[in-house]
>>> print(open('work20.txt').read())   # compact mmCIF, C-alpha atoms
# COMPACT_ATOMS: atom_id res chain seq x y z
CA LEU A 22 22.57 66.47 -84.42
CA GLN A 23 24.43 69.74 -84.48
CA PHE A 24 24.93 72.57 -82.02
CA ASP A 25 24.53 76.06 -83.43
CA SER A 26 27.23 78.28 -81.90
CA SER A 27 29.78 80.77 -83.08
CA ARG A 28 31.11 81.49 -79.62
CA SER A 29 34.02 79.08 -79.85
CA GLY A 30 36.14 77.63 -82.58
CA PRO A 31 37.10 74.02 -83.20
CA ASN A 32 40.14 72.40 -81.63
CA LYS A 33 41.12 69.71 -84.08
CA ASP A 34 43.46 68.07 -81.57
CA LYS A 35 40.62 67.40 -79.12
CA ASP A 36 39.21 63.90 -78.74
CA PRO A 37 35.44 63.31 -78.63
CA SER A 38 33.61 63.95 -75.38
CA ILE A 39 31.40 61.27 -73.81
CA ALA A 40 28.27 62.16 -71.82
CA ALA A 41 26.31 59.09 -70.76
CA ALA A 42 23.32 58.36 -68.55
CA GLY A 43 22.03 55.01 -67.42
CA LYS A 44 20.81 52.65 -64.78
CA TYR A 45 21.53 48.96 -64.59
CA HIS A 46 22.26 46.19 -62.11
CA PRO A 47 24.37 43.02 -62.02
CA ALA A 48 22.33 40.41 -63.86
CA SER A 49 22.93 37.64 -61.36
CA SER A 50 20.89 39.13 -58.50
CA ASP A 51 17.47 37.71 -57.71
CA ALA A 52 14.31 39.67 -56.87
CA ASN A 53 15.53 40.12 -53.28
CA GLY A 54 18.91 41.44 -54.36
CA ASN A 55 20.71 38.22 -53.46
CA ASN A 56 23.52 36.92 -55.60
CA GLY A 57 22.53 33.67 -57.25
CA GLY A 58 24.65 30.87 -55.83
CA GLY A 59 27.05 33.27 -54.13
CA VAL A 60 29.39 33.32 -57.14
CA PHE A 61 30.94 36.75 -57.72
CA SER A 62 33.18 38.03 -60.47
CA VAL A 63 34.95 41.27 -61.37
CA TYR A 64 31.83 42.29 -63.32
CA HIS A 65 29.86 42.71 -60.09
CA ALA A 66 32.05 45.74 -59.38
CA THR A 67 32.29 47.22 -62.87
CA ALA A 68 28.75 46.46 -64.09
CA GLY A 69 27.09 48.27 -61.20
CA THR A 70 29.11 51.49 -61.42
CA LEU A 71 27.84 54.35 -63.61
CA SER A 72 31.30 55.89 -64.03
CA VAL A 73 32.55 52.64 -65.53
CA MET A 74 29.58 52.57 -67.89
CA ALA A 75 30.65 55.87 -69.45
CA GLY A 76 34.35 55.05 -69.18
CA ARG A 77 33.88 51.81 -71.08
CA ILE A 78 32.76 53.80 -74.15
CA SER A 79 35.91 55.92 -74.04
CA PHE A 80 37.96 52.77 -73.48
CA LEU A 81 36.45 50.94 -76.46
CA LEU A 82 36.79 53.96 -78.78
CA GLY A 83 40.23 54.92 -77.47
CA VAL A 84 39.27 58.58 -76.95
CA THR A 85 40.52 60.82 -74.15
CA GLY A 86 38.07 63.73 -74.16
CA PRO A 87 35.85 64.54 -71.16
CA CYS A 88 33.89 61.49 -70.04
CA VAL A 89 30.99 62.01 -67.65
CA ALA A 90 28.20 59.79 -66.31
CA MET A 91 25.01 61.59 -65.32
CA ASP A 92 22.38 60.51 -62.79
CA THR A 93 19.48 62.93 -62.44
CA ALA A 94 16.76 60.28 -62.62
CA CYS A 95 14.44 60.63 -65.64
CA SER A 96 16.26 63.71 -66.96
CA SER A 97 19.70 62.05 -66.91
CA SER A 98 20.27 61.83 -70.67
CA LEU A 99 18.91 65.35 -71.21
CA VAL A 100 21.36 66.73 -68.65
CA ALA A 101 24.04 64.73 -70.48
CA LEU A 102 23.04 66.50 -73.70
CA HIS A 103 23.22 69.87 -71.94
CA ALA A 104 26.71 69.04 -70.61
CA ALA A 105 27.85 67.96 -74.09
CA LYS A 106 26.60 71.24 -75.54
CA ARG A 107 28.58 73.16 -72.93
CA SER A 108 31.67 71.07 -73.66
CA LEU A 109 31.43 72.08 -77.31
CA GLN A 110 30.88 75.71 -76.35
CA LEU A 111 34.01 75.71 -74.19
CA GLY A 112 36.09 74.11 -76.91
CA GLU A 113 36.79 71.01 -74.80
CA CYS A 114 35.89 68.79 -77.75
CA ASP A 115 34.79 68.92 -81.38
CA VAL A 116 32.50 65.89 -81.25
CA ALA A 117 30.31 64.78 -78.36
CA ILE A 118 28.73 61.35 -77.98
CA VAL A 119 25.56 61.57 -75.89
CA ALA A 120 23.98 58.31 -74.77
CA GLY A 121 21.26 57.04 -72.46
CA VAL A 122 20.50 53.45 -71.51
CA ASN A 123 18.04 51.66 -69.25
CA VAL A 124 18.13 47.96 -68.46
CA LEU A 125 15.22 46.51 -66.51
CA ASP A 126 15.74 44.63 -63.27
CA ALA A 127 13.35 42.86 -60.95
CA GLU A 128 14.20 44.79 -57.78
CA THR A 129 13.35 48.21 -59.21
CA SER A 130 10.20 46.92 -60.92
CA ILE A 131 8.93 45.48 -57.62
CA ALA A 132 9.85 48.61 -55.65
CA CYS A 133 8.09 50.90 -58.15
CA ALA A 134 4.99 48.69 -58.08
CA VAL A 135 4.89 48.67 -54.28
CA ALA A 136 5.21 52.47 -54.30
CA GLY A 137 2.25 52.69 -56.70
CA MET A 138 4.32 54.42 -59.39
CA THR A 139 3.84 51.94 -62.23
CA SER A 140 0.78 50.96 -64.22
CA PRO A 141 -0.85 47.61 -63.40
CA ASP A 142 -1.20 46.92 -67.13
CA GLY A 143 2.41 47.90 -67.86
CA LYS A 144 1.56 50.76 -70.25
CA CYS A 145 1.94 54.54 -70.29
CA HIS A 146 -1.52 56.04 -70.93
CA THR A 147 -0.02 59.44 -71.66
CA PHE A 148 -2.45 62.40 -71.35
CA ASP A 149 -5.39 60.01 -71.08
CA GLU A 150 -8.08 59.78 -68.43
CA SER A 151 -7.15 56.11 -68.02
CA ALA A 152 -3.66 57.11 -66.80
CA ASN A 153 -2.76 54.82 -63.92
CA GLY A 154 1.04 54.96 -63.61
CA TYR A 155 3.87 54.43 -66.04
CA GLY A 156 5.08 51.32 -67.80
CA ARG A 157 8.82 50.68 -67.46
CA GLY A 158 10.73 50.46 -70.74
CA GLU A 159 14.14 49.20 -71.73
CA GLY A 160 16.39 50.63 -74.40
CA CYS A 161 19.37 52.70 -75.47
CA GLY A 162 19.73 55.84 -77.56
CA VAL A 163 22.83 57.64 -78.85
CA ILE A 164 23.27 60.92 -80.71
CA ILE A 165 26.38 62.64 -82.06
CA LEU A 166 26.67 66.36 -81.38
CA LYS A 167 28.90 68.75 -83.37
CA ARG A 168 29.15 72.46 -84.04
CA THR A 169 27.07 73.57 -87.00
CA SER A 170 30.05 74.79 -88.99
CA ASP A 171 31.94 71.53 -88.45
CA ALA A 172 28.92 69.40 -89.36
CA VAL A 173 28.31 71.37 -92.56
CA ALA A 174 32.00 71.26 -93.52
CA ALA A 175 32.06 67.49 -93.03
CA ALA A 176 28.85 67.05 -95.09
CA ASP A 177 27.30 65.21 -92.15
CA ASN A 178 23.72 63.96 -92.23
CA ILE A 179 22.20 66.61 -89.93
CA TYR A 180 18.93 65.66 -88.26
CA ALA A 181 18.37 68.74 -86.12
CA VAL A 182 19.98 71.78 -84.51
CA VAL A 183 20.17 72.32 -80.75
CA LYS A 184 19.21 75.97 -80.41
CA GLY A 185 19.35 76.10 -76.63
CA SER A 186 18.99 74.19 -73.37
CA ALA A 187 18.49 74.73 -69.65
CA VAL A 188 18.70 72.67 -66.47
CA GLN A 189 16.79 73.14 -63.21
CA GLN A 190 15.52 71.17 -60.22
CA ASP A 191 11.94 71.00 -58.91
CA GLY A 192 12.99 72.14 -55.45
CA LYS A 193 10.20 72.03 -52.86
CA SER A 194 7.09 70.28 -54.18
CA ALA A 195 4.25 68.17 -52.79
CA SER A 196 6.60 65.21 -52.30
CA LEU A 197 10.08 64.05 -53.27
CA THR A 198 8.87 62.55 -56.56
CA ALA A 199 6.08 65.06 -57.32
CA PRO A 200 6.75 67.59 -60.10
CA ASN A 201 6.63 71.34 -59.55
CA GLY A 202 4.61 73.17 -62.20
CA LYS A 203 6.10 76.61 -61.51
CA ALA A 204 9.62 75.21 -61.72
CA GLN A 205 8.75 73.57 -65.04
CA GLU A 206 7.49 76.90 -66.37
CA ARG A 207 10.73 78.64 -65.39
CA LEU A 208 12.77 75.89 -67.01
CA ILE A 209 10.88 76.16 -70.31
CA ARG A 210 11.27 79.94 -70.33
CA ASP A 211 15.00 79.63 -69.60
CA ALA A 212 15.43 77.16 -72.47
CA LEU A 213 13.54 79.49 -74.84
CA LYS A 214 15.72 82.40 -73.73
CA ASP A 215 18.90 80.39 -74.27
CA ALA A 216 17.66 79.54 -77.77
CA SER A 217 16.65 83.16 -78.51
CA LEU A 218 13.14 81.94 -79.33
CA SER A 219 9.66 82.92 -78.22
CA ALA A 220 6.92 80.50 -77.21
CA GLY A 221 5.12 81.26 -80.46
CA ASP A 222 8.08 80.01 -82.49
CA VAL A 223 7.57 76.44 -81.20
CA ARG A 224 5.24 74.27 -83.29
CA TYR A 225 5.95 70.81 -81.83
CA LEU A 226 6.78 69.77 -78.28
CA GLU A 227 7.93 66.36 -77.11
CA ALA A 228 6.53 66.05 -73.60
CA HIS A 229 7.66 63.96 -70.64
CA GLY A 230 4.16 62.44 -70.47
CA THR A 231 4.63 59.51 -68.11
CA GLY A 232 0.94 58.65 -67.93
CA THR A 233 0.40 59.39 -64.24
CA LYS A 234 -2.62 61.12 -62.72
CA LEU A 235 -0.35 63.51 -60.83
CA GLY A 236 2.43 64.29 -63.30
CA ASP A 237 0.57 64.70 -66.60
CA PRO A 238 -1.85 67.45 -65.44
CA ILE A 239 0.99 69.41 -63.83
CA GLU A 240 3.07 69.17 -67.00
CA THR A 241 0.25 70.14 -69.33
CA GLY A 242 -0.61 73.04 -67.02
CA ALA A 243 2.95 74.35 -67.24
CA LEU A 244 2.93 73.98 -71.03
CA ALA A 245 -0.39 75.81 -71.28
CA HIS A 246 0.88 78.73 -69.21
CA VAL A 247 3.99 79.14 -71.35
CA PHE A 248 2.79 78.21 -74.86
CA GLY A 249 -0.96 78.83 -74.61
CA ALA A 250 -0.86 82.50 -73.72
CA ASP A 251 -1.78 84.70 -76.70
CA ARG A 252 -1.55 81.72 -79.07
CA ASP A 253 -3.87 81.85 -82.06
CA ALA A 254 -6.18 78.87 -82.43
CA SER A 255 -5.14 78.58 -86.07
CA ASP A 256 -1.55 77.85 -84.96
CA PRO A 257 -1.86 75.07 -82.37
CA LEU A 258 1.06 73.54 -80.51
CA VAL A 259 1.31 69.84 -81.33
CA VAL A 260 2.30 67.87 -78.22
CA GLY A 261 3.64 64.32 -78.48
CA GLY A 262 4.88 61.73 -76.03
CA VAL A 263 6.95 58.73 -77.10
CA LYS A 264 6.35 56.88 -73.82
CA GLY A 265 2.93 55.83 -75.06
CA ASN A 266 4.75 53.71 -77.65
CA LEU A 267 8.04 52.75 -75.95
CA GLY A 268 7.25 52.92 -72.26
CA HIS A 269 9.21 55.02 -69.78
CA LEU A 270 12.91 54.43 -70.34
CA GLU A 271 13.73 56.21 -67.07
CA ALA A 272 17.44 57.21 -67.31
CA ALA A 273 17.20 56.97 -71.13
CA ALA A 274 13.77 58.66 -71.37
CA GLY A 275 15.26 62.00 -72.36
CA ILE A 276 17.34 60.72 -75.25
CA ALA A 277 14.33 58.73 -76.49
CA GLY A 278 12.30 61.93 -76.50
CA VAL A 279 15.04 63.86 -78.33
CA ILE A 280 15.29 61.21 -81.03
CA SER A 281 11.49 61.16 -81.34
CA ALA A 282 11.41 64.95 -81.74
CA MET A 283 14.14 64.81 -84.40
CA LEU A 284 12.19 62.25 -86.40
CA VAL A 285 9.01 64.33 -86.10
CA LEU A 286 10.88 67.34 -87.49
CA ARG A 287 12.37 65.30 -90.32
CA HIS A 288 9.14 63.60 -91.41
CA GLY A 289 6.66 66.32 -90.47
CA VAL A 290 4.43 63.80 -88.70
CA ALA A 291 3.81 63.33 -84.99
CA PRO A 292 3.12 59.64 -84.21
CA PRO A 293 0.00 58.82 -82.22
CA ASN A 294 0.21 57.22 -78.79
>>> encode(input="work20.txt", output="structure tokens")
Amino acid sequence: LQFDSSRSGPNKDKDPSIAAAGKYHPASSDANGNNGGGVFSVYHATAGTLSVMAGRISFLLGVTGPCVAMDTACSSSLVALHAAKRSLQLGECDVAIVAGVNVLDAETSIACAVAGMTSPDGKCHTFDESANGYGRGEGCGVIILKRTSDAVAAADNIYAVVKGSAVQQDGKSASLTAPNGKAQERLIRDALKDASLSAGDVRYLEAHGTGTKLGDPIETGALAHVFGADRDASDPLVVGGVKGNLGHLEAAAGIAGVISAMLVLRHGVAPPN
């Protein structure tokens, strides 16, 4: 993946930047959060700390560029991508490693089920009338981000170009976890502006699409307001959602969606849910 920018030049003495997002728990806790057998080790401290998760990558690779762990819930790895793009813009690094990971644990699964957030059948019925909550997924995704000129000069295998990005918060909505359609519209318009694109330039969109009766209609409504206005029926916007195939990877959901979108662009085919 490359970042298209001529606003800053490369600094060849800069180490790669790390932007990581994730959520995981010590593996020895039971469903009630109790440590099995009362045996603790140093890993109970390091394994449950997000800053150490990102720092471990820098440690293993021996790189000293900016290293940041992001926690913005489901958007964590997308915010990490945005931060990596800015790091490249500012000349803080020449290569950025953007990663997202989600490891399932019993406590969170039980809490989400009690709150009525997850699907009883464990699946994401994205944009379907049978939507009944999301299915939790586990996985990890990593992309390498460089400036366009550097990627071309290095003859890298370029999957896609990041034209622009934007970050916002829902602010006041129906509840703490409820999305805000107007805020989503503003975010999409800001991202299009940053990319110097119009809504009509977009042919494929990778949606959040969790498969919830509340979230999906709000998201599709925001998309319709931005991309549906003045759009010719002969040039439809194809909307996909990888959660229907992988489940909701929570902290890693964003990076899964980015990788899905890159593969759609490369192969010219949007996979069905």
>>> residues_around(input="work20.txt", residues="segment 276-281 of chain A", least_positions_apart="6", cutoff="10 Å", atoms="all atoms listed in the file", output="PyMOL selection string")
chain A and resi 22+42+96-102+119-122+160-164+180-181+226-229+261-264+267+269-270+287+291-292
>>> atom_distance(input="work20.txt", atom1="atom CA of Pro141 of chain A", atom2="atom CA of Gly202 of chain A")
26.2 Å
>>> closest_residue(input="work20.txt", among="A:Val285, A:Val223, A:Ala245, A:Val290", to="Gln205 of chain A", atoms="all atoms listed in the file")
A:Ala245
>>> closest_residue(input="work20.txt", among="A:Val260, A:Asp215, A:Leu71, A:Lys203", to="His246 of chain A", atoms="only C-alpha atoms")
A:Lys203
>>> closest_residue(input="work20.txt", among="A:Ala174, A:Ile39, A:Met74, A:Ala272", to="Thr93 of chain A", atoms="only C-alpha atoms")
A:Ala272
>>> atom_distance(input="work20.txt", atom1="atom CA of Met138 of chain A", atom2="atom CA of Ala75 of chain A")
28.2 Å
>>> atom_distance(input="work20.txt", atom1="atom CA of Gly275 of chain A", atom2="atom CA of Asp251 of chain A")
28.7 Å
>>> closest_residue(input="work20.txt", among="A:Gly154, A:Gly268, A:Gly249, A:Gly185", to="Leu235 of chain A", atoms="only C-alpha atoms")
A:Gly154
>>> closest_residue(input="work20.txt", among="A:Ser72, A:Ser196, A:Thr147, A:Ser38", to="Ile118 of chain A", atoms="all atoms listed in the file")
A:Ser38
>>> closest_residue(input="work20.txt", among="A:Gly230, A:Val116, A:Glu206, A:Lys144", to="Ala175 of chain A", atoms="all atoms listed in the file")
A:Val116
>>> residues_around(input="work20.txt", residues="Asp237 of chain A", least_positions_apart="2", cutoff="10 Å", atoms="only C-alpha atoms", output="list in words")
His146, Thr147, Phe148, Asp149, Ala152, Pro200, Ala228, His229, Gly230, Thr231, Gly232, Thr233, Lys234, Leu235, Ile239, Glu240, Thr241, Gly242 and Ala243 of chain A
>>> residues_near_point(input="work20.txt", point="(33.3, 63.4, -75.7)", cutoff="10 Å", atoms="all atoms listed in the file", output="list in words")
Lys35, Asp36, Pro37, Ser38, Ile39, Ala40, Ala41, Ile78, Ser79, Val84, Thr85, Gly86, Pro87, Cys88, Val89, Ala105, Ser108, Leu109, Glu113, Cys114, Asp115, Val116, Ala117, Ile118, Val119, Ile165 and Leu166 of chain A
